[in-house]
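Trainee: Sending over a structure as structure tokens; questions will come in a sec.
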Amino acid sequence: MNAVRERFAARTVRVKAPGKVNVSLDVGPLRPDGYHSVASVYLAVSLYEEVAATSTGTGAITVSISPASTLDLEGSDIPLDERNLAYKAAAIMADVSEHSTGVHLEITKRVPVAGGMGGGSADAAATLLACDALWNSGLSRDELAHLAAELGADVPFSLLGGTAVGLGIGDELSPALVKAQTDWVLVTAGFGLPTPEVYRTLDRLRAAERLPVQEPTAVDPGVLTALRNGDADALSRVLVNDLQRASIELAPGLRDTLGLGESCGAIAGIVSGSGPTVAFLAHGPAAAAGLAEELRHHGLDALAVHGPVHGARIISDTLL
Ligand SMILES: C[C@@](CO)(OP(=O)(O)O)[C@H](O)COP(=O)(O)OP(=O)(O)OC[C@H]1O[C@@H](n2ccc(N)nc2=O)[C@H](O)[C@@H]1O
Ligand SMILES: Nc1ncnc2c1ncn2[C@@H]1O[C@H](COP(=O)(O)OP(=O)(O)O)[C@@H](O)[C@H]1O
């Protein structure tokens with residue numbers, strides 16, 4: 001072992017963390033802090049971000065993203081500096097860790113950027129877990145969840161995974177025991193929609209209607225029952241996303257995507273979170289694969305996934 005390696009042994013911890021679909025999303029009125037109370041059922045799906053965190057002797061946090069083409073997406077604008085959610089997660093971990101080093105974060109993006117599937121949140125959750133391991137911080141899952149909530153409303157869910165009810169701004173999670181699988185086809189758009197703009201658009205549409213907006217306090221239990229039973233038909237009748245009409249207002253082509261999916265045999269379709277990704281329900285994995293193929297024939301970018309899947313997990317830990 002040479003002198004440099006004796007002083008500093010670089011190590012890489014790789015973590016994968018899932019994207020999500022909001023199977024139901026009820027949104028309350030705008031709060032004074034700029035957020036909205038929500039009641040949502042989150043489902044982690046089998047499309048994962050991967051973060052490789054490598055310790056460096058520089059003391060700095062650096063970020064790179066692959067594939068590089070991800071950075072070109074219209075409306076995505078992923079910063080590589082201290083505004084990146086993964087960078088923020090590493091900085092927060094460095095603050096609470098006694099033995100932090102510099103770290104390079106290499107993010108492999110698979111979740112569509114600004115797609116309503118929580119890709120940035122998954123990067124942040126993965127980075128929290130990777131830095132915890134890299135720096136032997138020894139934080140409990142609860143402590144990590146607490147730090148996750150400081151980074152964004154959706155970050156705690158990507159850490160937790162599975163199926164969960166989210167209240168508050170989406171960060172107050174109650175896990176739901178769901179063993180059955182549901183199958184989905186995700187149709188990604190070639191552009192992103194900024195979450196704050198989608199929430200603002202909903203407020204504007206609601207203000208024009210002058211109807212009272214209720215504070216959501218609970219989710220429809222029918223959603224959880226349908227998920228537990230893996231009953232796609234029952235689930236199709238209770239899918240709800242209050243943000244959907246705002247996403248469609250900003251990206252009217254989503255209406256055609258929803259219509260096309262249903263005419264190709266999807267049981268139902270819903271915009272995921274703030275969009276523009278659309279999630280279609282299918283009767284099992286074979287039907288999902290067939291639907292994805294048919295949608296690709298129509299020129300859409302479609303991918304079959306399933307849920308629930310686990311939350312952020314270490315996949316390797318290597319001394320270099
Ligand atoms: C809409 C949802 C549905 O799960 O997800 P995405 O579609 O973005 O993935 C979430 O509410 C997004 O969560 P996340 O993207 O983590 O939000 P944050 O970074 O904390 O907040 C970004 C901005 O979104 C708005 N925001 C977010 C959450 C919330 N409950 N009310 C809000 O009004 C606020 O304008 C906030 O400044
Ligand atoms: N690591 C990151 N990955 C993606 N986006 C990030 C990241 N860090 C910050 N952002 C910013 O957050 C925005 C939305 O992120 P993302 O999580 O992909 O979408 P959504 O909030 O719709 O689920 C991006 O357009 C970008 O400006």
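Each chain in the structure tokens gets a letter, A, B and so on, in the order shown; residues start at 1 in every chain, and ligands are counted from 1 in the order they appear.
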Which chain A residues have any atom within 8 Å of an atom of ligand 1, and for each, what is the nearest pair of atoms with distance in Å to one decimal, counting only C-alpha atoms and all ligand atoms, rows sorted by chain and number, as CSV?
Mentor:
residue,atom,partner,partner_atom_place_in_ligand_line,distance
A:Lys20,CA,ligand 1,9 (O),7.6
A:Val21,CA,ligand 1,4 (O),7.7
A:Asn22,CA,ligand 1,4 (O),6.0
A:Leu25,CA,ligand 1,3 (C),7.1
A:Val27,CA,ligand 1,30 (N),7.6
A:Leu30,CA,ligand 1,33 (O),6.8
A:Arg31,CA,ligand 1,33 (O),8.0
A:Gly34,CA,ligand 1,35 (O),5.7
A:Tyr35,CA,ligand 1,33 (O),3.5
A:His36,CA,ligand 1,31 (N),3.8
A:Ser37,CA,ligand 1,30 (N),5.3
A:Val38,CA,ligand 1,30 (N),5.6
A:Ser40,CA,ligand 1,4 (O),7.3
A:Tyr42,CA,ligand 1,4 (O),7.4
A:Ala114,CA,ligand 1,8 (O),7.1
A:Gly115,CA,ligand 1,9 (O),6.7
A:Gly116,CA,ligand 1,7 (O),3.2
A:Met117,CA,ligand 1,9 (O),4.4
A:Gly118,CA,ligand 1,9 (O),3.9
A:Gly119,CA,ligand 1,9 (O),7.2
A:Gly120,CA,ligand 1,15 (O),7.8
A:Ser121,CA,ligand 1,16 (O),6.1
A:Leu151,CA,ligand 1,20 (O),6.9
A:Gly152,CA,ligand 1,20 (O),3.5
A:Ala153,CA,ligand 1,16 (O),3.8
A:Asp154,CA,ligand 1,16 (O),3.8
A:Val155,CA,ligand 1,16 (O),5.9
A:Gly168,CA,ligand 1,30 (N),7.1
A:Ile169,CA,ligand 1,30 (N),3.6
A:Gly170,CA,ligand 1,30 (N),5.6
A:Pro194,CA,ligand 1,8 (O),7.5
A:Thr195,CA,ligand 1,8 (O),4.8
A:Pro196,CA,ligand 1,35 (O),3.9
A:Glu197,CA,ligand 1,35 (O),7.3
A:Tyr199,CA,ligand 1,33 (O),5.6
A:Arg200,CA,ligand 1,35 (O),7.3
A:Leu243,CA,ligand 1,1 (C),7.5
A:Ser272,CA,ligand 1,7 (O),6.4
A:Gly273,CA,ligand 1,7 (O),3.5
A:Ser274,CA,ligand 1,7 (O),3.6
A:Gly275,CA,ligand 1,7 (O),5.8
Trainee: With C-alpha atoms retained, could you export that selection as a compact mmCIF listing (two decimals), in the first residue's frame?
Mentor:
# COMPACT_ATOMS: atom_id res chain seq x y z
CA LYS A 20 -42.76 6.98 -7.11
CA VAL A 21 -46.26 7.32 -8.45
CA ASN A 22 -48.91 9.14 -6.42
CA LEU A 25 -53.12 12.93 -4.33
CA VAL A 27 -54.31 18.88 -2.39
CA LEU A 30 -52.20 27.25 -0.28
CA ARG A 31 -50.68 27.67 3.21
CA GLY A 34 -46.01 28.49 0.40
CA TYR A 35 -46.77 24.77 0.70
CA HIS A 36 -50.08 22.90 0.38
CA SER A 37 -51.34 20.26 2.78
CA VAL A 38 -51.76 17.00 0.93
CA SER A 40 -51.43 11.09 -0.79
CA TYR A 42 -47.32 6.94 -2.54
CA ALA A 114 -38.94 17.07 -13.43
CA GLY A 115 -41.34 14.27 -14.35
CA GLY A 116 -43.51 14.11 -11.21
CA MET A 117 -41.84 10.89 -10.08
CA GLY A 118 -39.53 12.25 -7.41
CA GLY A 119 -36.20 11.58 -9.17
CA GLY A 120 -34.36 14.38 -7.39
CA SER A 121 -35.84 13.20 -4.10
CA LEU A 151 -34.52 18.40 1.95
CA GLY A 152 -37.98 18.17 0.41
CA ALA A 153 -41.51 16.90 0.89
CA ASP A 154 -40.96 13.71 -1.15
CA VAL A 155 -37.50 12.75 0.12
CA GLY A 168 -48.73 17.19 6.11
CA ILE A 169 -46.83 18.36 3.05
CA GLY A 170 -46.35 14.70 2.11
CA PRO A 194 -41.62 22.55 -12.46
CA THR A 195 -43.53 21.42 -9.35
CA PRO A 196 -44.06 24.94 -7.89
CA GLU A 197 -45.58 26.13 -11.18
CA TYR A 199 -49.17 23.94 -7.67
CA ARG A 200 -49.52 27.64 -8.56
CA LEU A 243 -52.76 18.32 -9.70
CA SER A 272 -48.03 11.16 -11.71
CA GLY A 273 -47.71 13.92 -9.10
CA SER A 274 -47.05 17.23 -10.81
CA GLY A 275 -46.43 15.45 -14.14
Trainee: What's around Pro285 of chain A at 12 Å? Count only C-alpha atoms, leave out sequence neighbours fewer than 5 positions away in its own chain, and write the answer as a list in words.
Mentor: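 Final neighbour list, sorted by chain and number: Gln181, Thr182, Asp183, Trp184, Val185, Ala232, Gly290, Leu291, Ala292, Leu303, Ala304, Val305, His306 and Gly307 of chain A.
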Trainee: List every residue of segment 76-292 of chain A that DSSP, applied to the backbone of this structure, assigns to strand (DSSP E or B), and report them as a PyMOL selection string.
Mentor: chain A and resi 102-108+161+163-167+172-176+182-188+191+240-241+268-271+278-282
Trainee: Take the selection from the previous step and output its residues with C-alpha atoms, as a short mmCIF file (atom, residue, chain, number, x, y, z; two decimals), in the first residue's frame.
Mentor:
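File written: selection_36.cif
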data_model
loop_
_atom_site.label_atom_id
_atom_site.label_comp_id
_atom_site.auth_asym_id
_atom_site.auth_seq_id
_atom_site.Cartn_x
_atom_site.Cartn_y
_atom_site.Cartn_z
CA GLY A 102 -14.89 15.09 0.63
CA VAL A 103 -17.25 13.13 -1.57
CA HIS A 104 -17.92 12.75 -5.26
CA LEU A 105 -21.52 11.82 -6.10
CA GLU A 106 -22.08 10.15 -9.43
CA ILE A 107 -25.80 10.05 -10.17
CA THR A 108 -27.19 7.63 -12.73
CA GLY A 161 -40.23 2.99 -0.22
CA THR A 163 -46.52 1.96 -0.11
CA ALA A 164 -47.26 4.79 2.31
CA VAL A 165 -49.82 7.41 3.16
CA GLY A 166 -48.31 10.90 3.21
CA LEU A 167 -49.98 13.73 5.13
CA GLU A 172 -45.61 12.66 7.46
CA LEU A 173 -45.58 9.05 6.39
CA SER A 174 -47.49 6.00 7.57
CA PRO A 175 -46.29 2.84 5.85
CA ALA A 176 -49.03 0.57 4.51
CA THR A 182 -49.70 -3.71 -9.35
CA ASP A 183 -48.38 -3.21 -12.86
CA TRP A 184 -48.04 0.12 -14.58
CA VAL A 185 -46.82 1.64 -17.80
CA LEU A 186 -45.05 4.96 -17.48
CA VAL A 187 -45.15 7.34 -20.40
CA THR A 188 -42.48 9.97 -20.07
CA PHE A 191 -39.85 17.86 -21.20
CA VAL A 240 -57.21 10.65 -8.11
CA ASN A 241 -54.74 13.46 -8.63
CA ALA A 268 -56.95 3.69 -16.37
CA GLY A 269 -54.35 6.44 -16.58
CA ILE A 270 -53.26 9.20 -14.24
CA VAL A 271 -50.69 11.97 -14.30
CA VAL A 278 -48.41 9.55 -17.10
CA ALA A 279 -48.91 6.21 -15.32
CA PHE A 280 -51.27 3.62 -16.83
CA LEU A 281 -52.62 0.67 -14.88
CA ALA A 282 -52.49 -2.76 -16.50
#
Trainee: Taking only C-alpha atoms into account, which of A:Phe8, A:Trp135, A:Tyr87, A:Phe157 comes nearest Ala44 of chain A?
Mentor: A:Phe157
Trainee: Just give me the gap between atom CA of Ala126 of chain A and atom 1 (N, counted along the ligand's line) of ligand 2 in Å, one decimal is fine.
Mentor: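 Pair atom CA of Ala126 of chain A / atom 1 (N, counted along the ligand's line) of ligand 2 returns 10.2 Å.
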Trainee: Counting only C-alpha atoms and all ligand atoms, which of A:Thr257, A:Thr217, A:Ser137, A:Thr277 gets nearest to ligand 2?
Mentor: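 Nearest candidate to ligand 2 out of A:Thr257, A:Thr217, A:Ser137, A:Thr277: A:Thr277.
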Trainee: Let me make sure I understand: among A:Ala145, A:Ala286, A:Val23, A:Val223, which one has the smallest atom-to-atom distance to Gln244 of chain A if we use only C-alpha atoms?
Mentor: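 Checking each of A:Ala145, A:Ala286, A:Val23, A:Val223 against Gln244 of chain A, counting only C-alpha atoms, the winner is A:Val23.
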Trainee: May I have the residues within 12 Å of Leu139 of chain A as a compact mmCIF listing (two decimals) with C-alpha atoms, in the first residue's frame, using only C-alpha atoms and disregarding those fewer than 2 positions away in the same chain?
Mentor:
# COMPACT_ATOMS: atom_id res chain seq x y z
CA MET A 93 -24.79 14.53 6.35
CA VAL A 96 -23.92 15.69 11.43
CA SER A 97 -20.99 13.31 10.81
CA GLU A 98 -17.81 13.34 12.86
CA LEU A 128 -28.19 10.36 2.70
CA LEU A 129 -27.86 6.59 2.99
CA ALA A 130 -24.57 6.45 1.04
CA CYS A 131 -22.90 9.18 3.12
CA ASP A 132 -24.18 7.63 6.35
CA ALA A 133 -22.35 4.41 5.37
CA LEU A 134 -19.29 6.16 3.93
CA TRP A 135 -18.72 8.24 7.04
CA ASN A 136 -19.90 5.65 9.59
CA SER A 137 -22.36 8.24 10.89
CA ARG A 141 -33.64 5.25 9.82
CA ASP A 142 -35.72 7.72 11.86
CA GLU A 143 -32.85 10.19 12.07
CA LEU A 144 -32.25 9.86 8.34
CA ALA A 145 -35.98 10.40 7.70
CA HIS A 146 -35.81 13.57 9.76
CA LEU A 147 -32.93 14.92 7.65
Trainee: Of the residues A:Pro216, A:Gly284, A:Gly311, A:Gly265, which is the one nearest to Gly230 of chain A, using only C-alpha atoms?
Mentor: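 Answer, going by the shortest atom-to-atom distance: A:Gly284.
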Trainee: Hey, what's within 7 Å of Leu85 of chain A if we count only C-alpha atoms and toss same-chain stuff fewer than 4 positions away? As a list in words, please?
Mentor: Ala89, Gly120, Asp123 and Ala124 of chain A
Trainee: Emit the selected residues as an mmCIF file, in the first residue's frame, including N, CA and C atoms.
Mentor:
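Generated file (selection-v7.cif):
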data_model
loop_
_atom_site.group_PDB
_atom_site.id
_atom_site.type_symbol
_atom_site.label_atom_id
_atom_site.label_comp_id
_atom_site.auth_asym_id
_atom_site.auth_seq_id
_atom_site.Cartn_x
_atom_site.Cartn_y
_atom_site.Cartn_z
ATOM 1 N N ALA A 89 -27.983 16.925 0.276
ATOM 2 C CA ALA A 89 -28.061 15.775 1.182
ATOM 3 C C ALA A 89 -26.683 15.460 1.753
ATOM 4 N N GLY A 120 -35.311 13.612 -8.206
ATOM 5 C CA GLY A 120 -34.358 14.383 -7.386
ATOM 6 C C GLY A 120 -34.448 13.955 -5.927
ATOM 7 N N ASP A 123 -32.522 10.848 -5.517
ATOM 8 C CA ASP A 123 -31.075 11.136 -5.449
ATOM 9 C C ASP A 123 -30.689 11.576 -4.042
ATOM 10 N N ALA A 124 -31.530 12.414 -3.451
ATOM 11 C CA ALA A 124 -31.244 12.918 -2.102
ATOM 12 C C ALA A 124 -31.311 11.783 -1.080
#
Trainee: Looking at A:Val45, A:Ile65, A:Leu320, A:Ala288, which one is nearest to ligand 2, with distances taken over only C-alpha atoms and all ligand atoms?
Mentor: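 Among the listed residues, A:Ile65 lies closest to ligand 2.
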Trainee: Between atom 12 (O, counted along the ligand's line) of ligand 2 and atom CA of Arg83 of chain A, what is the distance in Å, rounded to a tenth?
Mentor: 8.7 Å
Trainee: Compare A:Ala52, A:Ile61, A:Leu300, A:Val41 by their minimum atom-to-atom distance to Arg313 of chain A, counting only C-alpha atoms, and give me the closest one.
Mentor: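 Under the stated criterion, the closest residue is A:Ala52.
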